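What follows is entry.cif (mmCIF, N, CA and C atoms).
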```
data_input
loop_
_atom_site.label_atom_id
_atom_site.label_comp_id
_atom_site.auth_asym_id
_atom_site.auth_seq_id
_atom_site.Cartn_x
_atom_site.Cartn_y
_atom_site.Cartn_z
N MET A 21 25.28 69.61 143.48
CA MET A 21 25.44 70.79 144.29
C MET A 21 26.74 70.67 145.09
N ILE A 22 27.45 71.79 145.22
CA ILE A 22 28.65 71.86 146.05
C ILE A 22 28.59 73.11 146.92
N LEU A 23 29.29 73.05 148.03
CA LEU A 23 29.42 74.18 148.95
C LEU A 23 30.87 74.63 148.94
N LEU A 24 31.10 75.92 148.80
CA LEU A 24 32.45 76.47 148.72
C LEU A 24 32.86 77.08 150.05
N ASP A 25 34.01 76.66 150.56
CA ASP A 25 34.55 77.23 151.79
C ASP A 25 35.02 78.66 151.50
N THR A 26 35.20 79.44 152.54
CA THR A 26 35.54 80.85 152.41
C THR A 26 36.80 81.07 151.57
N HIS A 27 37.86 80.34 151.87
CA HIS A 27 39.10 80.54 151.13
C HIS A 27 38.94 80.16 149.66
N VAL A 28 38.07 79.20 149.37
CA VAL A 28 37.82 78.81 147.97
C VAL A 28 37.13 79.96 147.24
N VAL A 29 36.20 80.62 147.90
CA VAL A 29 35.54 81.78 147.31
C VAL A 29 36.58 82.85 146.97
N LEU A 30 37.45 83.14 147.93
CA LEU A 30 38.49 84.15 147.70
C LEU A 30 39.44 83.73 146.59
N TRP A 31 39.81 82.47 146.56
CA TRP A 31 40.69 81.97 145.50
C TRP A 31 40.02 82.09 144.13
N MET A 32 38.73 81.79 144.07
CA MET A 32 38.01 81.89 142.79
C MET A 32 37.91 83.34 142.33
N VAL A 33 37.54 84.22 143.24
CA VAL A 33 37.40 85.63 142.89
C VAL A 33 38.74 86.20 142.43
N GLY A 34 39.82 85.81 143.10
CA GLY A 34 41.15 86.30 142.76
C GLY A 34 41.87 85.46 141.71
N ASP A 35 41.20 84.42 141.20
CA ASP A 35 41.80 83.50 140.23
C ASP A 35 43.16 83.01 140.71
N SER A 36 43.20 82.57 141.96
CA SER A 36 44.44 82.13 142.58
C SER A 36 44.91 80.78 142.05
N SER A 37 46.20 80.66 141.90
CA SER A 37 46.79 79.38 141.48
C SER A 37 46.72 78.35 142.61
N ARG A 38 46.34 78.76 143.79
CA ARG A 38 46.21 77.83 144.92
C ARG A 38 45.03 76.87 144.70
N LEU A 39 44.05 77.28 143.89
CA LEU A 39 42.92 76.42 143.58
C LEU A 39 43.37 75.41 142.54
N GLY A 40 43.34 74.13 142.91
CA GLY A 40 43.85 73.07 142.05
C GLY A 40 43.00 72.85 140.80
N GLN A 41 43.62 72.23 139.82
CA GLN A 41 42.97 71.99 138.54
C GLN A 41 41.77 71.06 138.67
N ALA A 42 41.90 69.98 139.44
CA ALA A 42 40.78 69.05 139.62
C ALA A 42 39.61 69.75 140.31
N ALA A 43 39.91 70.56 141.33
CA ALA A 43 38.86 71.31 142.02
C ALA A 43 38.20 72.31 141.08
N ARG A 44 38.98 72.97 140.25
CA ARG A 44 38.43 73.91 139.26
C ARG A 44 37.45 73.19 138.33
N GLN A 45 37.82 71.98 137.91
CA GLN A 45 36.95 71.22 137.01
C GLN A 45 35.65 70.83 137.69
N VAL A 46 35.73 70.39 138.94
CA VAL A 46 34.53 70.02 139.69
C VAL A 46 33.62 71.25 139.85
N ILE A 47 34.22 72.36 140.21
CA ILE A 47 33.44 73.60 140.41
C ILE A 47 32.80 74.04 139.09
N ALA A 48 33.57 74.02 138.02
CA ALA A 48 33.05 74.45 136.72
C ALA A 48 31.91 73.56 136.24
N ALA A 49 31.98 72.29 136.57
CA ALA A 49 30.97 71.34 136.10
C ALA A 49 29.68 71.39 136.92
N ASP A 50 29.73 72.01 138.09
CA ASP A 50 28.56 72.03 138.97
C ASP A 50 27.84 73.37 138.85
N VAL A 51 26.61 73.34 138.40
CA VAL A 51 25.85 74.58 138.21
C VAL A 51 25.11 75.01 139.47
N GLU A 52 25.18 74.21 140.51
CA GLU A 52 24.51 74.54 141.77
C GLU A 52 25.53 74.82 142.86
N ARG A 53 26.25 75.92 142.72
CA ARG A 53 27.26 76.31 143.70
C ARG A 53 26.61 77.08 144.84
N ARG A 54 27.01 76.75 146.05
CA ARG A 54 26.46 77.40 147.23
C ARG A 54 27.59 77.90 148.12
N VAL A 55 27.29 78.94 148.89
CA VAL A 55 28.18 79.44 149.94
C VAL A 55 27.33 79.64 151.19
N SER A 56 27.90 79.32 152.32
CA SER A 56 27.22 79.56 153.59
C SER A 56 27.19 81.07 153.85
N ALA A 57 26.16 81.52 154.53
CA ALA A 57 26.10 82.92 154.96
C ALA A 57 27.32 83.26 155.81
N MET A 58 27.93 82.26 156.41
CA MET A 58 29.12 82.49 157.24
C MET A 58 30.32 82.94 156.43
N VAL A 59 30.31 82.72 155.13
CA VAL A 59 31.40 83.22 154.27
C VAL A 59 31.46 84.74 154.37
N SER A 60 30.31 85.37 154.30
CA SER A 60 30.27 86.84 154.42
C SER A 60 30.80 87.28 155.77
N TRP A 61 30.37 86.61 156.81
CA TRP A 61 30.82 86.94 158.16
C TRP A 61 32.33 86.77 158.28
N GLU A 62 32.84 85.64 157.78
CA GLU A 62 34.27 85.36 157.91
C GLU A 62 35.11 86.36 157.12
N ILE A 63 34.69 86.70 155.92
CA ILE A 63 35.43 87.69 155.12
C ILE A 63 35.40 89.06 155.80
N ALA A 64 34.25 89.43 156.35
CA ALA A 64 34.15 90.71 157.06
C ALA A 64 35.07 90.73 158.28
N MET A 65 35.12 89.63 159.02
CA MET A 65 35.98 89.56 160.21
C MET A 65 37.46 89.66 159.83
N VAL A 66 37.86 88.91 158.82
CA VAL A 66 39.26 88.92 158.39
C VAL A 66 39.63 90.30 157.84
N ALA A 67 38.73 90.87 157.04
CA ALA A 67 38.99 92.20 156.45
C ALA A 67 39.16 93.24 157.56
N ASP A 68 38.32 93.18 158.57
CA ASP A 68 38.40 94.13 159.67
C ASP A 68 39.67 93.93 160.48
N LYS A 69 39.99 92.68 160.77
CA LYS A 69 41.16 92.36 161.59
C LYS A 69 42.47 92.73 160.89
N LYS A 70 42.54 92.46 159.59
CA LYS A 70 43.78 92.69 158.85
C LYS A 70 43.80 94.02 158.10
N GLY A 71 42.70 94.77 158.19
CA GLY A 71 42.65 96.09 157.59
C GLY A 71 42.56 96.09 156.06
N PHE A 72 41.94 95.05 155.50
CA PHE A 72 41.77 95.02 154.05
C PHE A 72 40.84 96.14 153.61
N ALA A 73 41.16 96.73 152.48
CA ALA A 73 40.31 97.78 151.91
C ALA A 73 39.72 97.26 150.61
N PHE A 74 38.46 97.51 150.42
CA PHE A 74 37.77 97.11 149.20
C PHE A 74 37.44 98.37 148.41
N HIS A 75 37.35 98.26 147.11
CA HIS A 75 37.08 99.43 146.27
C HIS A 75 35.61 99.81 146.25
N LYS A 76 34.81 99.08 147.02
CA LYS A 76 33.38 99.37 147.17
C LYS A 76 32.95 98.85 148.53
N PRO A 77 31.76 99.21 148.99
CA PRO A 77 31.30 98.69 150.28
C PRO A 77 31.35 97.16 150.31
N LEU A 78 31.71 96.60 151.45
CA LEU A 78 31.92 95.16 151.56
C LEU A 78 30.68 94.37 151.14
N ALA A 79 29.51 94.79 151.54
CA ALA A 79 28.29 94.06 151.16
C ALA A 79 28.13 94.00 149.65
N GLU A 80 28.45 95.10 148.99
CA GLU A 80 28.38 95.13 147.53
C GLU A 80 29.46 94.25 146.91
N TRP A 81 30.67 94.29 147.48
CA TRP A 81 31.76 93.44 146.99
C TRP A 81 31.39 91.97 147.13
N LEU A 82 30.81 91.59 148.26
CA LEU A 82 30.41 90.21 148.47
C LEU A 82 29.33 89.79 147.47
N ALA A 83 28.32 90.61 147.28
CA ALA A 83 27.26 90.28 146.32
C ALA A 83 27.83 90.13 144.92
N ASP A 84 28.70 91.05 144.53
CA ASP A 84 29.34 90.97 143.21
C ASP A 84 30.19 89.71 143.09
N SER A 85 30.91 89.37 144.14
CA SER A 85 31.78 88.19 144.13
C SER A 85 30.96 86.92 143.98
N PHE A 86 29.87 86.82 144.72
CA PHE A 86 29.02 85.63 144.61
C PHE A 86 28.42 85.53 143.20
N ARG A 87 28.10 86.68 142.62
CA ARG A 87 27.58 86.69 141.26
C ARG A 87 28.65 86.26 140.26
N ILE A 88 29.87 86.73 140.44
CA ILE A 88 30.99 86.40 139.55
C ILE A 88 31.25 84.89 139.56
N ILE A 89 31.22 84.29 140.74
CA ILE A 89 31.49 82.85 140.82
C ILE A 89 30.22 82.02 140.67
N ASP A 90 29.10 82.70 140.45
CA ASP A 90 27.82 82.04 140.21
C ASP A 90 27.44 81.11 141.36
N ALA A 91 27.46 81.68 142.57
CA ALA A 91 27.12 80.91 143.77
C ALA A 91 26.01 81.62 144.54
N TYR A 92 25.19 80.82 145.19
CA TYR A 92 24.06 81.34 145.95
C TYR A 92 24.28 81.09 147.43
N GLU A 93 23.89 82.08 148.22
CA GLU A 93 24.08 82.01 149.66
C GLU A 93 23.03 81.14 150.33
N VAL A 94 23.48 80.37 151.32
CA VAL A 94 22.60 79.52 152.12
C VAL A 94 22.58 80.09 153.54
N ALA A 95 21.39 80.34 154.04
CA ALA A 95 21.24 80.86 155.40
C ALA A 95 21.60 79.78 156.42
N VAL A 96 21.96 80.21 157.61
CA VAL A 96 22.22 79.28 158.70
C VAL A 96 20.90 79.07 159.44
N SER A 97 20.34 77.91 159.26
CA SER A 97 19.06 77.57 159.91
C SER A 97 19.31 77.04 161.31
N GLY A 98 18.24 76.90 162.06
CA GLY A 98 18.35 76.30 163.39
C GLY A 98 18.88 74.88 163.32
N ALA A 99 18.44 74.13 162.31
CA ALA A 99 18.91 72.74 162.16
C ALA A 99 20.40 72.69 161.87
N ILE A 100 20.88 73.61 161.02
CA ILE A 100 22.32 73.66 160.72
C ILE A 100 23.09 74.05 161.97
N ALA A 101 22.62 75.04 162.70
CA ALA A 101 23.30 75.48 163.92
C ALA A 101 23.34 74.36 164.96
N THR A 102 22.26 73.62 165.09
CA THR A 102 22.21 72.51 166.04
C THR A 102 23.20 71.42 165.66
N ASP A 103 23.21 71.05 164.37
CA ASP A 103 24.15 70.03 163.91
C ASP A 103 25.59 70.50 164.14
N ALA A 104 25.87 71.76 163.83
CA ALA A 104 27.22 72.30 164.03
C ALA A 104 27.65 72.19 165.48
N GLY A 105 26.74 72.42 166.38
CA GLY A 105 27.04 72.36 167.80
C GLY A 105 27.21 70.95 168.33
N ARG A 106 26.72 69.98 167.60
CA ARG A 106 26.76 68.59 168.07
C ARG A 106 27.76 67.71 167.33
N LEU A 107 28.59 68.29 166.48
CA LEU A 107 29.57 67.48 165.75
C LEU A 107 30.53 66.81 166.73
N ARG A 108 30.83 65.56 166.45
CA ARG A 108 31.69 64.77 167.33
C ARG A 108 32.88 64.21 166.54
N ASP A 109 33.61 63.36 167.17
CA ASP A 109 34.69 62.58 166.55
C ASP A 109 35.88 63.43 166.13
N GLY A 110 36.26 64.37 166.99
CA GLY A 110 37.53 65.04 166.80
C GLY A 110 37.57 66.28 165.94
N ILE A 111 36.45 66.83 165.54
CA ILE A 111 36.50 68.07 164.76
C ILE A 111 36.79 69.22 165.73
N HIS A 112 37.53 70.19 165.26
CA HIS A 112 37.93 71.31 166.13
C HIS A 112 36.75 72.22 166.44
N GLY A 113 36.99 73.20 167.28
CA GLY A 113 35.93 74.06 167.77
C GLY A 113 35.65 75.31 166.97
N ASP A 114 36.31 75.52 165.82
CA ASP A 114 36.07 76.72 165.02
C ASP A 114 34.60 76.76 164.59
N PRO A 115 33.83 77.74 165.09
CA PRO A 115 32.40 77.75 164.79
C PRO A 115 32.09 77.89 163.30
N CYS A 116 32.88 78.65 162.59
CA CYS A 116 32.62 78.84 161.16
C CYS A 116 32.83 77.52 160.41
N ASP A 117 33.90 76.81 160.72
CA ASP A 117 34.14 75.53 160.07
C ASP A 117 33.05 74.52 160.42
N ARG A 118 32.61 74.54 161.65
CA ARG A 118 31.55 73.62 162.08
C ARG A 118 30.26 73.93 161.31
N ILE A 119 29.97 75.20 161.10
CA ILE A 119 28.76 75.57 160.35
C ILE A 119 28.92 75.18 158.88
N MET A 120 30.12 75.33 158.33
CA MET A 120 30.36 74.88 156.94
C MET A 120 30.07 73.39 156.81
N ILE A 121 30.59 72.61 157.75
CA ILE A 121 30.37 71.15 157.74
C ILE A 121 28.88 70.85 157.84
N ALA A 122 28.22 71.47 158.80
CA ALA A 122 26.79 71.21 159.01
C ALA A 122 25.96 71.64 157.80
N THR A 123 26.35 72.72 157.16
CA THR A 123 25.63 73.18 155.97
C THR A 123 25.77 72.17 154.84
N ALA A 124 26.98 71.68 154.61
CA ALA A 124 27.19 70.67 153.57
C ALA A 124 26.36 69.42 153.88
N ARG A 125 26.33 69.03 155.14
CA ARG A 125 25.56 67.86 155.53
C ARG A 125 24.07 68.10 155.30
N ALA A 126 23.58 69.29 155.66
CA ALA A 126 22.16 69.60 155.49
C ALA A 126 21.76 69.61 154.01
N LEU A 127 22.66 70.10 153.17
CA LEU A 127 22.39 70.16 151.74
C LEU A 127 22.64 68.83 151.05
N GLY A 128 23.35 67.93 151.73
CA GLY A 128 23.70 66.65 151.14
C GLY A 128 24.68 66.80 149.99
N CYS A 129 25.62 67.73 150.17
CA CYS A 129 26.57 68.01 149.08
C CYS A 129 28.00 68.01 149.60
N ALA A 130 28.94 68.05 148.68
CA ALA A 130 30.36 68.10 149.02
C ALA A 130 30.76 69.53 149.39
N LEU A 131 31.70 69.63 150.32
CA LEU A 131 32.30 70.90 150.70
C LEU A 131 33.67 70.98 150.04
N VAL A 132 33.88 72.02 149.25
CA VAL A 132 35.18 72.23 148.60
C VAL A 132 36.01 73.08 149.54
N THR A 133 37.11 72.49 150.04
CA THR A 133 37.92 73.14 151.06
C THR A 133 39.36 72.67 150.98
N ALA A 134 40.25 73.45 151.54
CA ALA A 134 41.64 73.05 151.69
C ALA A 134 41.97 72.87 153.17
N ASP A 135 40.99 73.01 154.02
CA ASP A 135 41.18 72.90 155.46
C ASP A 135 41.48 71.44 155.82
N GLU A 136 42.69 71.20 156.33
CA GLU A 136 43.12 69.83 156.64
C GLU A 136 42.23 69.16 157.67
N LYS A 137 41.80 69.89 158.68
CA LYS A 137 40.96 69.30 159.72
C LYS A 137 39.61 68.88 159.16
N ILE A 138 39.06 69.69 158.27
CA ILE A 138 37.79 69.32 157.64
C ILE A 138 37.99 68.13 156.72
N LEU A 139 39.07 68.13 155.95
CA LEU A 139 39.35 67.00 155.06
C LEU A 139 39.55 65.72 155.85
N ASP A 140 40.22 65.79 157.00
CA ASP A 140 40.40 64.62 157.86
C ASP A 140 39.06 64.15 158.42
N TYR A 141 38.22 65.09 158.81
CA TYR A 141 36.89 64.77 159.33
C TYR A 141 36.06 64.08 158.25
N ALA A 142 36.17 64.56 157.02
CA ALA A 142 35.48 63.94 155.90
C ALA A 142 35.99 62.52 155.66
N ALA A 143 37.30 62.32 155.80
CA ALA A 143 37.89 60.99 155.60
C ALA A 143 37.35 59.98 156.62
N LYS A 144 36.86 60.47 157.75
CA LYS A 144 36.24 59.59 158.76
C LYS A 144 34.79 59.27 158.42
N GLY A 145 34.28 59.85 157.32
CA GLY A 145 32.93 59.54 156.87
C GLY A 145 31.83 60.47 157.33
N HIS A 146 32.20 61.62 157.91
CA HIS A 146 31.20 62.53 158.45
C HIS A 146 30.59 63.48 157.43
N LEU A 147 31.24 63.64 156.30
CA LEU A 147 30.74 64.47 155.21
C LEU A 147 31.56 64.16 153.98
N THR A 148 31.11 64.68 152.85
CA THR A 148 31.89 64.56 151.62
C THR A 148 32.63 65.87 151.43
N ALA A 149 33.91 65.77 151.12
CA ALA A 149 34.72 66.97 150.90
C ALA A 149 35.60 66.76 149.69
N ILE A 150 35.91 67.87 149.04
CA ILE A 150 36.80 67.89 147.89
C ILE A 150 37.98 68.78 148.25
N ASP A 151 39.19 68.25 148.08
CA ASP A 151 40.39 69.02 148.39
C ASP A 151 40.58 70.11 147.33
N ALA A 152 40.46 71.33 147.73
CA ALA A 152 40.53 72.47 146.81
C ALA A 152 41.92 72.68 146.22
N ARG A 153 42.92 72.07 146.80
CA ARG A 153 44.30 72.26 146.32
C ARG A 153 44.65 71.32 145.17
N ARG A 154 43.79 70.36 144.92
CA ARG A 154 44.10 69.35 143.89
C ARG A 154 43.39 69.67 142.60
#
```
Can you give me the file's structure in the form of structure tokens?
Amino acid sequence: MILLDTHVVLWMVGDSSRLGQAARQVIAADVERRVSAMVSWEIAMVADKKGFAFHKPLAEWLADSFRIIDAYEVAVSGAIATDAGRLRDGIHGDPCDRIMIATARALGCALVTADEKILDYAAKGHLTAIDARR
């Protein structure tokens, strides 16, 4: 099982060259792809802030996108929220990133991300992460 960070979802849907070949292989080989419910929130926030227009209602676009990349949404449980709030050892305060980390930890899976702060946090042994750019 793997968890896909928001930008990885967008890169997959858009078939972006930013998604590295090694990451593509890991994702393709894993049939249990997951996304945090926060991916929907983060995409909605960015779309609203930057004025992105979708050719269909955002909820429908998100559902179609998750289906296209064959990923299933994971709800944010109380345990995930608590872990996200208690992360230590230098992780930044971005709530969405903290929930991504806590979700990966709760699922016991790797988080596919290009976020340097998350990758550094993983290097300290707090979670398993895969660099999406490689």
Legend entry - Residue nearest Lys137 (chain A) - candidates A:Ile111, A:Asp151, A:Ala122, A:Asp103, atoms counted: only C-alpha atoms: A:Ile111
Legend entry - Surrounding residues of region 44-53 of chain A excluding itself and chain neighbours under 2 positions, 7 Å, only C-alpha atoms, as a ChimeraX atom specification: /A:21-23,39-42,90-92
Inset, instruction - Report the residues of region 71-150 of chain A whose backbone DSSP state falls under strand (DSSP E), written as a PyMOL selection string. - result: chain A and resi 91-94+130-133+149-150
Legend entry - Computed interatomic separation between atom N of Glu136 (chain A) and atom C of Glu80 (chain A) (Å): 28.2 Å
Legend entry - Computed interatomic separation between atom N of Ala134 (chain A) and atom N of Ala57 (chain A) (Å): 16.5 Å
With 6 Å on each side, where is the centre of the axis-aligned box around all listed atoms of region 77-93 of chain A, and how long are its edges in Å to one decimal, as AutoDock Vina command-line options?
```
--center_x 27.5 --center_y 90.0 --center_z 145.6 --size_x 20.9 --size_y 30.4 --size_z 24.0
```
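From CA of Thr123 (chain A) back to CA of Arg106 (chain A), the distance works out to 13.0 Å.
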Inset, instruction - Fewer than 5 positions away in the same chain doesn't count, so skip those; otherwise give me all residues within 7 Å of region 58-67 of chain A, counting only C-alpha atoms, as a ChimeraX atom specification. - result: /A:26,72,82,116
Inset, instruction - Excluding Gly105 (chain A) and any residue of its chain fewer than 2 positions from it, enumerate the residues within 12 Å of it, using only C-alpha atoms, and give them as JSON, numbers by chain. - result: {"A": [98, 99, 100, 101, 102, 103, 107, 108, 111, 112, 113, 114, 115, 116, 117, 118, 119, 120, 121, 122, 123]}
Inset, instruction - Identify, with DSSP run on backbone atoms, the residues in region 68-97 of chain A assigned to alpha helix (DSSP H), and express the list as a PyMOL selection string. - result: chain A and resi 68-70+78-88
Inset, instruction - For each of A:Ile138, A:Val33, A:Lys144, A:Ala104, take the minimum atom-to-atom distance to Ile88 (chain A), counting all atoms listed in the file, then give the residue where this is smallest. - result: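 The shortest atom-to-atom distance to Ile88 (chain A) comes from A:Val33.
If all atoms listed in the file are the atoms counted, then among A:Leu139, A:Gly110, A:Arg154, A:Ser56 the closest residue to Ala124 (chain A) is A:Ser56.
Distances to Leu131 (chain A) were evaluated for A:Ile150, A:Ala43, A:Ile89, A:Ala83 using only C-alpha atoms, and the minimum falls at A:Ile150.
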Legend entry - Residue among A:Ser36, A:Val29, A:Leu147, A:Ala152 lying closest to Arg87 (chain A), counting only C-alpha atoms: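 Closest residue, counting only C-alpha atoms: A:Val29.
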Subset file as an mmCIF file, in the first residue's frame: region 49-67 of chain A, N, CA and C atoms:
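Written output follows (decode.cif):
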```cif
data_model
loop_
_atom_site.group_PDB
_atom_site.id
_atom_site.type_symbol
_atom_site.label_atom_id
_atom_site.label_comp_id
_atom_site.auth_asym_id
_atom_site.auth_seq_id
_atom_site.Cartn_x
_atom_site.Cartn_y
_atom_site.Cartn_z
ATOM 1 N N ALA A 49 3.277 -0.573 -9.668
ATOM 2 C CA ALA A 49 3.385 -1.915 -9.099
ATOM 3 C C ALA A 49 2.496 -2.110 -7.873
ATOM 4 N N ASP A 50 2.009 -1.025 -7.301
ATOM 5 C CA ASP A 50 1.219 -1.122 -6.071
ATOM 6 C C ASP A 50 -0.271 -1.019 -6.398
ATOM 7 N N VAL A 51 -1.007 -2.062 -6.111
ATOM 8 C CA VAL A 51 -2.441 -2.079 -6.426
ATOM 9 C C VAL A 51 -3.290 -1.482 -5.302
ATOM 10 N N GLU A 52 -2.664 -1.114 -4.206
ATOM 11 C CA GLU A 52 -3.394 -0.525 -3.079
ATOM 12 C C GLU A 52 -3.000 0.934 -2.896
ATOM 13 N N ARG A 53 -3.391 1.764 -3.844
ATOM 14 C CA ARG A 53 -3.086 3.193 -3.792
ATOM 15 C C ARG A 53 -4.140 3.911 -2.959
ATOM 16 N N ARG A 54 -3.668 4.803 -2.106
ATOM 17 C CA ARG A 54 -4.565 5.558 -1.244
ATOM 18 C C ARG A 54 -4.264 7.052 -1.358
ATOM 19 N N VAL A 55 -5.287 7.855 -1.097
ATOM 20 C CA VAL A 55 -5.151 9.304 -0.971
ATOM 21 C C VAL A 55 -5.890 9.723 0.295
ATOM 22 N N SER A 56 -5.323 10.668 0.994
ATOM 23 C CA SER A 56 -5.991 11.216 2.171
ATOM 24 C C SER A 56 -7.182 12.053 1.714
ATOM 25 N N ALA A 57 -8.207 12.105 2.536
ATOM 26 C CA ALA A 57 -9.343 12.991 2.258
ATOM 27 C C ALA A 57 -8.868 14.438 2.145
ATOM 28 N N MET A 58 -7.729 14.741 2.729
ATOM 29 C CA MET A 58 -7.180 16.101 2.662
ATOM 30 C C MET A 58 -6.737 16.482 1.257
ATOM 31 N N VAL A 59 -6.528 15.507 0.387
ATOM 32 C CA VAL A 59 -6.188 15.816 -1.011
ATOM 33 C C VAL A 59 -7.329 16.606 -1.642
ATOM 34 N N SER A 60 -8.544 16.170 -1.402
ATOM 35 C CA SER A 60 -9.704 16.891 -1.947
ATOM 36 C C SER A 60 -9.765 18.306 -1.393
ATOM 37 N N TRP A 61 -9.557 18.435 -0.105
ATOM 38 C CA TRP A 61 -9.573 19.752 0.530
ATOM 39 C C TRP A 61 -8.492 20.645 -0.053
ATOM 40 N N GLU A 62 -7.275 20.100 -0.185
ATOM 41 C CA GLU A 62 -6.158 20.905 -0.669
ATOM 42 C C GLU A 62 -6.369 21.336 -2.122
ATOM 43 N N ILE A 63 -6.854 20.442 -2.959
ATOM 44 C CA ILE A 63 -7.117 20.799 -4.363
ATOM 45 C C ILE A 63 -8.219 21.858 -4.439
ATOM 46 N N ALA A 64 -9.251 21.712 -3.630
ATOM 47 C CA ALA A 64 -10.330 22.702 -3.615
ATOM 48 C C ALA A 64 -9.811 24.070 -3.172
ATOM 49 N N MET A 65 -8.955 24.094 -2.159
ATOM 50 C CA MET A 65 -8.404 25.360 -1.667
ATOM 51 C C MET A 65 -7.528 26.027 -2.724
ATOM 52 N N VAL A 66 -6.653 25.256 -3.347
ATOM 53 C CA VAL A 66 -5.763 25.808 -4.367
ATOM 54 C C VAL A 66 -6.573 26.284 -5.574
ATOM 55 N N ALA A 67 -7.556 25.479 -5.977
ATOM 56 C CA ALA A 67 -8.387 25.853 -7.129
ATOM 57 C C ALA A 67 -9.124 27.159 -6.851
#
```
